[in-house]
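**Q** Dumping the structure here so I can ask a few things about it.
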Amino acid sequence: MSPSARDASQPPSRRNEKGRERNRGGKGAAGPGQTGQGKSGRNAPTRGFSAAAPAQRKRRADPARLTAFTVLRAVSRDDAYANLTLPAEISRKRLDKRDAGFATELTYGTLRGTGTYDAILSACVDRPLSELDAPVLDALRLGAHQLLNMRVETHAAVDETVALVRAEIGAGPSGLVNAVLRKVSAKTLAEWTEQLAHDRKLSADDALALTHAHPAWVVRALRQSLRLHGRGDELEALLRADNAAPEVHLVELPGTSPVEGARLRSAQEAGAVASSALAGAAIFRGGDIARLPGIREGQLRVQDIGSQWVTRALAAAELPDQGEAAERWLDLCAGPGGKAALLAALAAQRGATVLANEPAAHRAKLVTQALDAVEHQAWTVRTGDGRTIAEEPAGTDFQRILVDAPCTGLGALRRRPEARWRRTPGDLSGLTALQQELLDAAVGALAPGGLLAYVTCSPHMAETVIQVDDLLRRHPELELRDAHEPMRAAARDAGVELLREATGSAGSETAARCVQLWPHVHGTDAMFFALLQRPVGAKHESASAESDAVAEHPAGRIGL
């Protein structure tokens with residue numbers, strides 16, 4: 001047989017001019033998800049191939065997705081905080097406004113939805129997720145968020161994520177990522193959560209946890225706290241608010257600008273909107289904050305309106321007449337310095353002074369930097385354990401004390417998206433013990449007639465109302481004041497309206513006299529604010545018996 005006849009009798013070569021074998025949509029080739037002819041002549045499943053030849057496949061990650069992936073890796077690998085890591089990455093990669101916005105939503109959205117996306121991915125992967133390499137799992141989460149919760153076309157979400165994997169991890173896992181994400185794309189988020197809830201026979205709270213991407217123990221704790229504060233039917237509204245992109249709140253430190261209010265007015269000219277709830281605050285919804293006048297000088301800064309509100313309320317609360325003596329104020333847990341700076345600015349206007357205490361040296365430096373814009377004679381910084389404050393020569397007889405205690409942070413989940421998956425019920429025992437010790441130390445440093453503000457960015461009952469009940473049992477000389485009064489005094493008319501009582505009644509007298517802010521109601525972090533006072537002439541008392549408040553509390557057991 002001649003060479004030409006032999007060539008004609010054989011199938012055409014599938015190698016291109018570079019010698020690479022290709023199988024791209026030929027007459028007998030099957031495309032993705034299609035079937036081909038098996039040896040038996042019946043339709044049999046065949047491997048799905050990419051529509052592009054290997055040389056044509058994208059191998060570079062676009063900058064926005066690469067930025068998000070870099071932050072996810074830092075969070076997973078190094079326990080980094082996304083709200084600190086992301087801005088630095090955006091700056092390093094010099095993203096424009098559009099790409100920066102995309103990277104921000106991609107990063108925060110993926111972190112918020114991690115638990116839900118992992119449940120969906122588990123149904124699409126043929127092995128436990130724990131057996132996947134951590135970078136591959138992060139990439140899958142990133143792709144799942146684009147497919148299920150962003151307006152990104154399916155082909156773009158899959159192809160760009162696969163390209164990211166090839167560029168940053170290697171070609172090996174790209175096939176797995178491609179196959180898994182195509183399975184994920186077969187259903188909407190609602191369809192996935194409905195199916196998983198049904199297949200797993202989830203309880204009502206567990207189904208809400210899956211649907212709204214919260215750990216189940218957090219959902220139960222939030223439900224109990226809402227009931228305690230007369231808002232038992234608002235759980236889903238709160239969970240949705242936790243998943244919304246947070247607004248940026250601004251505050252101008254009083255007395256720090258050449259013209260009072262000038263920095264806030266400049267921010268408004270750049271697009272900020274004055275807060276209807278609180279004077280001196282604004283909401284900024286777009287643009288580069290660093291370019292606003294006063295930011296570099298520390299006169300204008302980012303601070304949640306809830307944090308501003310409770311700080312101003314402590315300063316606004318009425319005290320017994322002090323005569324000519326200047327008031328002394330204490331921020332017992334001052335780091336990183338946001339509330340301390342506002343407190344010091346308010347103190348400076350009244351001739352008072354603030355001692356800002358922070359146990360960690362590196363955070364004490366941050367406090368000093370935060371306070372630098374305020375008149376220096378109005379404040380000092382102490383680096384030391386707040387529980388030993390009374391041992392200082394001038395560590396007692398403070399007229400106003402702020403205890404912004406370390407807590408689970410469940411009230412700031414919008415701003416710290418990874419926090420919900422890091423915290424566990426086991427964290428509560430150590431934190432509540434520390435809160436108790438800090439409160440006892442604050443009572444020991446409180447002057448007769450002085451005010452003690454207990455603040456947390458958590459609504460968990462064990463960290464809030466139960467903690468206050470325990471404090472009153474240990475120190476029966478203290479009086480629990482109605483915290484709504486100074487909160488109203490510090491607010492504008494719209495803020496006063498927001499503080500109106502909930503539709504239901506509070507579950508205890510203590511809860512009724514404390515203020516619990518909520519993201520879905522007040523547009524702030526879920527800040528808790530209790531105000532206690534030592535009456536003039538009252539002697540310091542301390543009950544040493546271990547508290548049984550959890551068992552006796554009218555709201556019942558704490559949800560874990």
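Simple scheme: letters A, B, ... for chains in structure tokens order, numbers from 1 for residues in each chain, numbers from 1 for ligands in the order shown.
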Set the distance at 12 Å and use only C-alpha atoms: which residues neighbour Ile305 of chain A once local chain neighbours fewer than 4 positions away are removed? I'd like the list as a PyMOL selection string.
**A** chain A and resi 246-252+274-284+301+309-313+338-339+342+490-491+495+517-519+522-527
**Q** Give the alpha helix (DSSP H) residues of segment 445-493 of chain A, as DSSP finds them on the backbone, and put them as number ranges by chain.
**A** A: 465-474, 484-490, 493
**Q** Can I get the residues of segment 92-168 of chain A within 12 Å of segment 73-82 of chain A, each with the closest pair of atoms and their distance in Å to one decimal, using only C-alpha atoms, sorted chain first then ascending number, as a Markdown table?
**A**
```
| residue | atom | partner | partner_atom | distance |
| --- | --- | --- | --- | --- |
| A:Ala103 | CA | A:Ala82 | CA | 11.6 |
| A:Thr104 | CA | A:Ala82 | CA | 9.6 |
| A:Glu105 | CA | A:Ala82 | CA | 11.7 |
| A:Leu106 | CA | A:Ala82 | CA | 11.6 |
| A:Thr107 | CA | A:Ala82 | CA | 7.9 |
| A:Tyr108 | CA | A:Ala82 | CA | 7.6 |
| A:Gly109 | CA | A:Ala82 | CA | 11.2 |
| A:Thr110 | CA | A:Ala82 | CA | 11.1 |
| A:Leu111 | CA | A:Ala82 | CA | 8.7 |
| A:Arg112 | CA | A:Ala82 | CA | 11.0 |
| A:Thr114 | CA | A:Ser76 | CA | 11.2 |
| A:Asp133 | CA | A:Arg73 | CA | 11.5 |
| A:Ala134 | CA | A:Ser76 | CA | 7.8 |
| A:Pro135 | CA | A:Arg73 | CA | 6.7 |
| A:Val136 | CA | A:Arg73 | CA | 10.0 |
| A:Leu137 | CA | A:Arg73 | CA | 9.9 |
| A:Asp138 | CA | A:Arg73 | CA | 7.0 |
| A:Ala139 | CA | A:Arg73 | CA | 9.2 |
| A:Arg141 | CA | A:Arg73 | CA | 11.4 |
| A:Leu142 | CA | A:Arg73 | CA | 11.0 |
| A:Glu168 | CA | A:Arg73 | CA | 11.1 |
```
**Q** What are the closest atom pairs, with distances in Å to one decimal, for each residue of segment 463-550 of chain A lying within 12 Å of segment 384-408 of chain A, using only C-alpha atoms, rows by chain and rising residue number, as a Markdown table?
**A**
```
| residue | atom | partner | partner_atom | distance |
| --- | --- | --- | --- | --- |
| A:Glu463 | CA | A:Cys407 | CA | 7.2 |
| A:Thr464 | CA | A:Cys407 | CA | 9.8 |
| A:Gln467 | CA | A:Ala405 | CA | 11.3 |
| A:Ala526 | CA | A:Thr408 | CA | 11.8 |
| A:Met527 | CA | A:Asp404 | CA | 10.0 |
| A:Phe528 | CA | A:Asp404 | CA | 9.7 |
| A:Phe529 | CA | A:Asp404 | CA | 9.4 |
| A:Ala530 | CA | A:Val403 | CA | 10.0 |
| A:Leu531 | CA | A:Leu402 | CA | 9.5 |
| A:Leu532 | CA | A:Ile401 | CA | 9.9 |
| A:Gln533 | CA | A:Arg400 | CA | 9.4 |
| A:Arg534 | CA | A:Gln399 | CA | 9.8 |
| A:Pro535 | CA | A:Gln399 | CA | 11.5 |
| A:Val536 | CA | A:Gln399 | CA | 11.3 |
```
**Q** For a quick check of understanding, using only C-alpha atoms, which of A:Ala245, A:Val219, A:Leu343, A:Ile120 has the smallest distance to Ala197 of chain A?
**A**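 Looking at the shortest contact to Ala197 of chain A, the residue is A:Ile120.
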**Q** Rank nothing, just name the residue among A:Asp126, A:Glu153, A:Asp288, A:Asp199 nearest to Val180 of chain A, using only C-alpha atoms.
**A**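 Closest to Val180 of chain A, using only C-alpha atoms: A:Asp126.
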**Q** Leaving out Arg166 of chain A and any residue of its chain fewer than 6 positions from it, which residues lie within 8 Å of it when counting only C-alpha atoms, given as a list of chain:residue names?
**A**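 Close residues of Arg166 of chain A: A:Arg59, A:Arg60, A:Gly172, A:Pro173, A:Ser174.
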**Q** Those residues you just picked out, can you put them in a file as an mmCIF file, in the first residue's frame with C-alpha atoms?
**A**
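part_6.cif written:
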```cif
data_model
loop_
_atom_site.group_PDB
_atom_site.id
_atom_site.type_symbol
_atom_site.label_atom_id
_atom_site.label_comp_id
_atom_site.auth_asym_id
_atom_site.auth_seq_id
_atom_site.Cartn_x
_atom_site.Cartn_y
_atom_site.Cartn_z
ATOM 1 C CA ARG A 59 -3.621 31.223 33.137
ATOM 2 C CA ARG A 60 -3.568 34.583 34.905
ATOM 3 C CA GLY A 172 -3.285 19.891 39.004
ATOM 4 C CA PRO A 173 -6.361 20.973 41.004
ATOM 5 C CA SER A 174 -7.908 23.014 38.198
#
```
**Q** Using only C-alpha atoms for the distances, tell me which of A:Arg182, A:Arg414, A:His198, A:His229 is nearest to Asp159 of chain A.
**A**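 Among A:Arg182, A:Arg414, A:His198, A:His229, it is A:Arg182 that comes nearest to Asp159 of chain A.
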**Q** From a backbone DSSP assignment, name each residue in segment 311-555 of chain A labelled strand (DSSP E), as a PDB file with N, CA and C atoms, in the first residue's frame.
**A**
```pdb
ATOM      1  N   ARG A 328     -12.412  63.357  86.817  1.00  0.00           N
ATOM      2  CA  ARG A 328     -11.442  62.389  86.309  1.00  0.00           C
ATOM      3  C   ARG A 328     -12.205  61.213  85.728  1.00  0.00           C
ATOM      4  N   TRP A 329     -11.874  60.885  84.466  1.00  0.00           N
ATOM      5  CA  TRP A 329     -12.560  59.814  83.753  1.00  0.00           C
ATOM      6  C   TRP A 329     -11.568  58.697  83.459  1.00  0.00           C
ATOM      7  N   LEU A 330     -12.092  57.478  83.325  1.00  0.00           N
ATOM      8  CA  LEU A 330     -11.250  56.308  83.076  1.00  0.00           C
ATOM      9  C   LEU A 330     -11.847  55.463  81.963  1.00  0.00           C
ATOM     10  N   ASP A 331     -11.029  55.132  80.972  1.00  0.00           N
ATOM     11  CA  ASP A 331     -11.371  54.107  79.982  1.00  0.00           C
ATOM     12  C   ASP A 331     -10.517  52.903  80.332  1.00  0.00           C
ATOM     13  N   THR A 353     -10.192  65.208  82.709  1.00  0.00           N
ATOM     14  CA  THR A 353      -9.072  64.438  82.162  1.00  0.00           C
ATOM     15  C   THR A 353      -9.458  62.970  82.071  1.00  0.00           C
ATOM     16  N   VAL A 354      -8.802  62.261  81.154  1.00  0.00           N
ATOM     17  CA  VAL A 354      -9.079  60.844  80.927  1.00  0.00           C
ATOM     18  C   VAL A 354      -7.800  60.041  81.099  1.00  0.00           C
ATOM     19  N   LEU A 355      -7.886  58.947  81.840  1.00  0.00           N
ATOM     20  CA  LEU A 355      -6.823  57.948  81.893  1.00  0.00           C
ATOM     21  C   LEU A 355      -7.259  56.787  81.007  1.00  0.00           C
ATOM     22  N   ALA A 356      -6.482  56.519  79.967  1.00  0.00           N
ATOM     23  CA  ALA A 356      -6.780  55.422  79.043  1.00  0.00           C
ATOM     24  C   ALA A 356      -5.868  54.254  79.372  1.00  0.00           C
ATOM     25  N   ASN A 357      -6.456  53.140  79.757  1.00  0.00           N
ATOM     26  CA  ASN A 357      -5.687  51.970  80.181  1.00  0.00           C
ATOM     27  C   ASN A 357      -5.744  50.878  79.121  1.00  0.00           C
ATOM     28  N   GLU A 358      -4.594  50.307  78.815  1.00  0.00           N
ATOM     29  CA  GLU A 358      -4.525  49.207  77.858  1.00  0.00           C
ATOM     30  C   GLU A 358      -3.403  48.254  78.272  1.00  0.00           C
ATOM     31  N   TRP A 379      -5.359  63.987  78.634  1.00  0.00           N
ATOM     32  CA  TRP A 379      -5.316  62.535  78.706  1.00  0.00           C
ATOM     33  C   TRP A 379      -3.927  62.008  79.042  1.00  0.00           C
ATOM     34  N   THR A 380      -3.914  60.801  79.584  1.00  0.00           N
ATOM     35  CA  THR A 380      -2.691  60.024  79.775  1.00  0.00           C
ATOM     36  C   THR A 380      -3.008  58.579  79.425  1.00  0.00           C
ATOM     37  N   VAL A 381      -1.983  57.820  79.072  1.00  0.00           N
ATOM     38  CA  VAL A 381      -2.143  56.407  78.722  1.00  0.00           C
ATOM     39  C   VAL A 381      -1.360  55.564  79.723  1.00  0.00           C
ATOM     40  N   ARG A 382      -2.008  54.565  80.258  1.00  0.00           N
ATOM     41  CA  ARG A 382      -1.355  53.607  81.155  1.00  0.00           C
ATOM     42  C   ARG A 382      -1.293  52.257  80.456  1.00  0.00           C
ATOM     43  N   THR A 383      -0.118  51.637  80.471  1.00  0.00           N
ATOM     44  CA  THR A 383       0.031  50.277  79.954  1.00  0.00           C
ATOM     45  C   THR A 383       0.053  49.325  81.149  1.00  0.00           C
ATOM     46  N   PHE A 398     -12.593  57.860  90.311  1.00  0.00           N
ATOM     47  CA  PHE A 398     -12.953  58.360  88.984  1.00  0.00           C
ATOM     48  C   PHE A 398     -14.457  58.640  88.966  1.00  0.00           C
ATOM     49  N   GLN A 399     -14.831  59.783  88.374  1.00  0.00           N
ATOM     50  CA  GLN A 399     -16.256  60.133  88.304  1.00  0.00           C
ATOM     51  C   GLN A 399     -16.989  59.396  87.178  1.00  0.00           C
ATOM     52  N   ARG A 400     -16.291  59.102  86.105  1.00  0.00           N
ATOM     53  CA  ARG A 400     -16.910  58.371  84.974  1.00  0.00           C
ATOM     54  C   ARG A 400     -15.932  57.289  84.518  1.00  0.00           C
ATOM     55  N   ILE A 401     -16.425  56.061  84.461  1.00  0.00           N
ATOM     56  CA  ILE A 401     -15.592  54.931  84.042  1.00  0.00           C
ATOM     57  C   ILE A 401     -16.288  54.194  82.901  1.00  0.00           C
ATOM     58  N   LEU A 402     -15.535  53.960  81.850  1.00  0.00           N
ATOM     59  CA  LEU A 402     -16.016  53.161  80.716  1.00  0.00           C
ATOM     60  C   LEU A 402     -15.319  51.808  80.750  1.00  0.00           C
ATOM     61  N   VAL A 403     -16.115  50.745  80.819  1.00  0.00           N
ATOM     62  CA  VAL A 403     -15.590  49.379  80.694  1.00  0.00           C
ATOM     63  C   VAL A 403     -16.134  48.808  79.391  1.00  0.00           C
ATOM     64  N   ASP A 404     -15.368  48.996  78.329  1.00  0.00           N
ATOM     65  CA  ASP A 404     -15.700  48.438  77.016  1.00  0.00           C
ATOM     66  C   ASP A 404     -14.981  47.098  76.937  1.00  0.00           C
ATOM     67  N   LEU A 446     -14.257  53.475  91.407  1.00  0.00           N
ATOM     68  CA  LEU A 446     -15.340  54.427  91.189  1.00  0.00           C
ATOM     69  C   LEU A 446     -15.515  55.346  92.399  1.00  0.00           C
ATOM     70  N   ALA A 447     -15.609  56.645  92.124  1.00  0.00           N
ATOM     71  CA  ALA A 447     -15.812  57.625  93.192  1.00  0.00           C
ATOM     72  C   ALA A 447     -17.257  57.577  93.683  1.00  0.00           C
ATOM     73  N   PRO A 448     -17.510  57.994  94.923  1.00  0.00           N
ATOM     74  CA  PRO A 448     -18.901  58.132  95.372  1.00  0.00           C
ATOM     75  C   PRO A 448     -19.671  59.074  94.432  1.00  0.00           C
ATOM     76  N   GLY A 449     -20.842  58.641  94.026  1.00  0.00           N
ATOM     77  CA  GLY A 449     -21.629  59.402  93.060  1.00  0.00           C
ATOM     78  C   GLY A 449     -21.215  59.166  91.621  1.00  0.00           C
ATOM     79  N   GLY A 450     -20.130  58.399  91.410  1.00  0.00           N
ATOM     80  CA  GLY A 450     -19.598  58.182  90.069  1.00  0.00           C
ATOM     81  C   GLY A 450     -20.425  57.216  89.239  1.00  0.00           C
ATOM     82  N   LEU A 451     -20.190  57.273  87.919  1.00  0.00           N
ATOM     83  CA  LEU A 451     -20.939  56.472  86.950  1.00  0.00           C
ATOM     84  C   LEU A 451     -20.033  55.442  86.296  1.00  0.00           C
ATOM     85  N   LEU A 452     -20.544  54.248  86.163  1.00  0.00           N
ATOM     86  CA  LEU A 452     -19.839  53.151  85.501  1.00  0.00           C
ATOM     87  C   LEU A 452     -20.653  52.704  84.301  1.00  0.00           C
ATOM     88  N   ALA A 453     -20.079  52.854  83.108  1.00  0.00           N
ATOM     89  CA  ALA A 453     -20.729  52.393  81.877  1.00  0.00           C
ATOM     90  C   ALA A 453     -20.127  51.059  81.478  1.00  0.00           C
ATOM     91  N   TYR A 454     -20.982  50.035  81.388  1.00  0.00           N
ATOM     92  CA  TYR A 454     -20.538  48.722  80.927  1.00  0.00           C
ATOM     93  C   TYR A 454     -21.021  48.546  79.497  1.00  0.00           C
ATOM     94  N   VAL A 455     -20.061  48.337  78.588  1.00  0.00           N
ATOM     95  CA  VAL A 455     -20.354  48.305  77.143  1.00  0.00           C
ATOM     96  C   VAL A 455     -19.742  47.051  76.542  1.00  0.00           C
ATOM     97  N   THR A 456     -20.492  46.385  75.666  1.00  0.00           N
ATOM     98  CA  THR A 456     -19.935  45.295  74.862  1.00  0.00           C
ATOM     99  C   THR A 456     -20.451  45.442  73.435  1.00  0.00           C
ATOM    100  N   GLU A 479     -26.390  51.192  92.020  1.00  0.00           N
ATOM    101  CA  GLU A 479     -27.734  51.386  91.479  1.00  0.00           C
ATOM    102  C   GLU A 479     -27.677  51.312  89.964  1.00  0.00           C
ATOM    103  N   LEU A 480     -28.625  50.614  89.370  1.00  0.00           N
ATOM    104  CA  LEU A 480     -28.720  50.519  87.914  1.00  0.00           C
ATOM    105  C   LEU A 480     -29.602  51.651  87.408  1.00  0.00           C
ATOM    106  N   ARG A 481     -28.998  52.594  86.706  1.00  0.00           N
ATOM    107  CA  ARG A 481     -29.758  53.711  86.165  1.00  0.00           C
ATOM    108  C   ARG A 481     -30.392  53.328  84.835  1.00  0.00           C
ATOM    109  N   VAL A 515     -29.722  49.499  77.423  1.00  0.00           N
ATOM    110  CA  VAL A 515     -29.954  49.769  75.997  1.00  0.00           C
ATOM    111  C   VAL A 515     -29.220  48.721  75.182  1.00  0.00           C
ATOM    112  N   GLN A 516     -29.951  48.080  74.274  1.00  0.00           N
ATOM    113  CA  GLN A 516     -29.354  47.151  73.331  1.00  0.00           C
ATOM    114  C   GLN A 516     -29.627  47.677  71.923  1.00  0.00           C
ATOM    115  N   PHE A 528     -24.224  46.981  73.466  1.00  0.00           N
ATOM    116  CA  PHE A 528     -24.972  46.916  74.719  1.00  0.00           C
ATOM    117  C   PHE A 528     -24.436  47.993  75.654  1.00  0.00           C
ATOM    118  N   PHE A 529     -25.356  48.685  76.367  1.00  0.00           N
ATOM    119  CA  PHE A 529     -24.962  49.800  77.233  1.00  0.00           C
ATOM    120  C   PHE A 529     -25.747  49.737  78.527  1.00  0.00           C
ATOM    121  N   ALA A 530     -25.022  49.552  79.635  1.00  0.00           N
ATOM    122  CA  ALA A 530     -25.621  49.601  80.971  1.00  0.00           C
ATOM    123  C   ALA A 530     -24.919  50.697  81.758  1.00  0.00           C
ATOM    124  N   LEU A 531     -25.673  51.420  82.577  1.00  0.00           N
ATOM    125  CA  LEU A 531     -25.113  52.529  83.348  1.00  0.00           C
ATOM    126  C   LEU A 531     -25.421  52.311  84.828  1.00  0.00           C
ATOM    127  N   LEU A 532     -24.368  52.218  85.629  1.00  0.00           N
ATOM    128  CA  LEU A 532     -24.502  51.987  87.065  1.00  0.00           C
ATOM    129  C   LEU A 532     -23.880  53.151  87.831  1.00  0.00           C
ATOM    130  N   GLN A 533     -24.380  53.374  89.033  1.00  0.00           N
ATOM    131  CA  GLN A 533     -23.900  54.500  89.836  1.00  0.00           C
ATOM    132  C   GLN A 533     -23.692  54.068  91.277  1.00  0.00           C
TER     133      GLN A 533
END
```
**Q** So the first atom is atom CA of Arg92 of chain A and the second is atom CA of Arg291 of chain A; what is the distance between them in Å, to one decimal place?
**A** 17.0 Å
**Q** Which is closer to Leu140 of chain A than all the others in A:Val152, A:Ala364, A:Leu164, A:Leu95, using only C-alpha atoms?
**A**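 Going through A:Val152, A:Ala364, A:Leu164, A:Leu95 one by one, the smallest distance to Leu140 of chain A is for A:Leu164.
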**Q** To one decimal place in Å, what is the distance between atom CA of Thr211 of chain A and atom CA of Ala190 of chain A?
**A**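 So the answer is 7.7 Å.
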**Q** From the options A:Arg200, A:Ala348, A:Ala442, A:Leu332, which residue's atoms come nearest to Ala123 of chain A, counting only C-alpha atoms?
**A**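 Smallest distance to Ala123 of chain A is found for A:Arg200.
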**Q** Restricting the calculation to only C-alpha atoms: of A:Pro459, A:Ala64, A:Gln377, A:Arg263, which residue gets closest to Gly409 of chain A?
**A** A:Pro459
**Q** Between atom CA of Ala167 of chain A and atom CA of Ala68 of chain A, measure the distance and give it in Å to one decimal.
**A** 14.2 Å
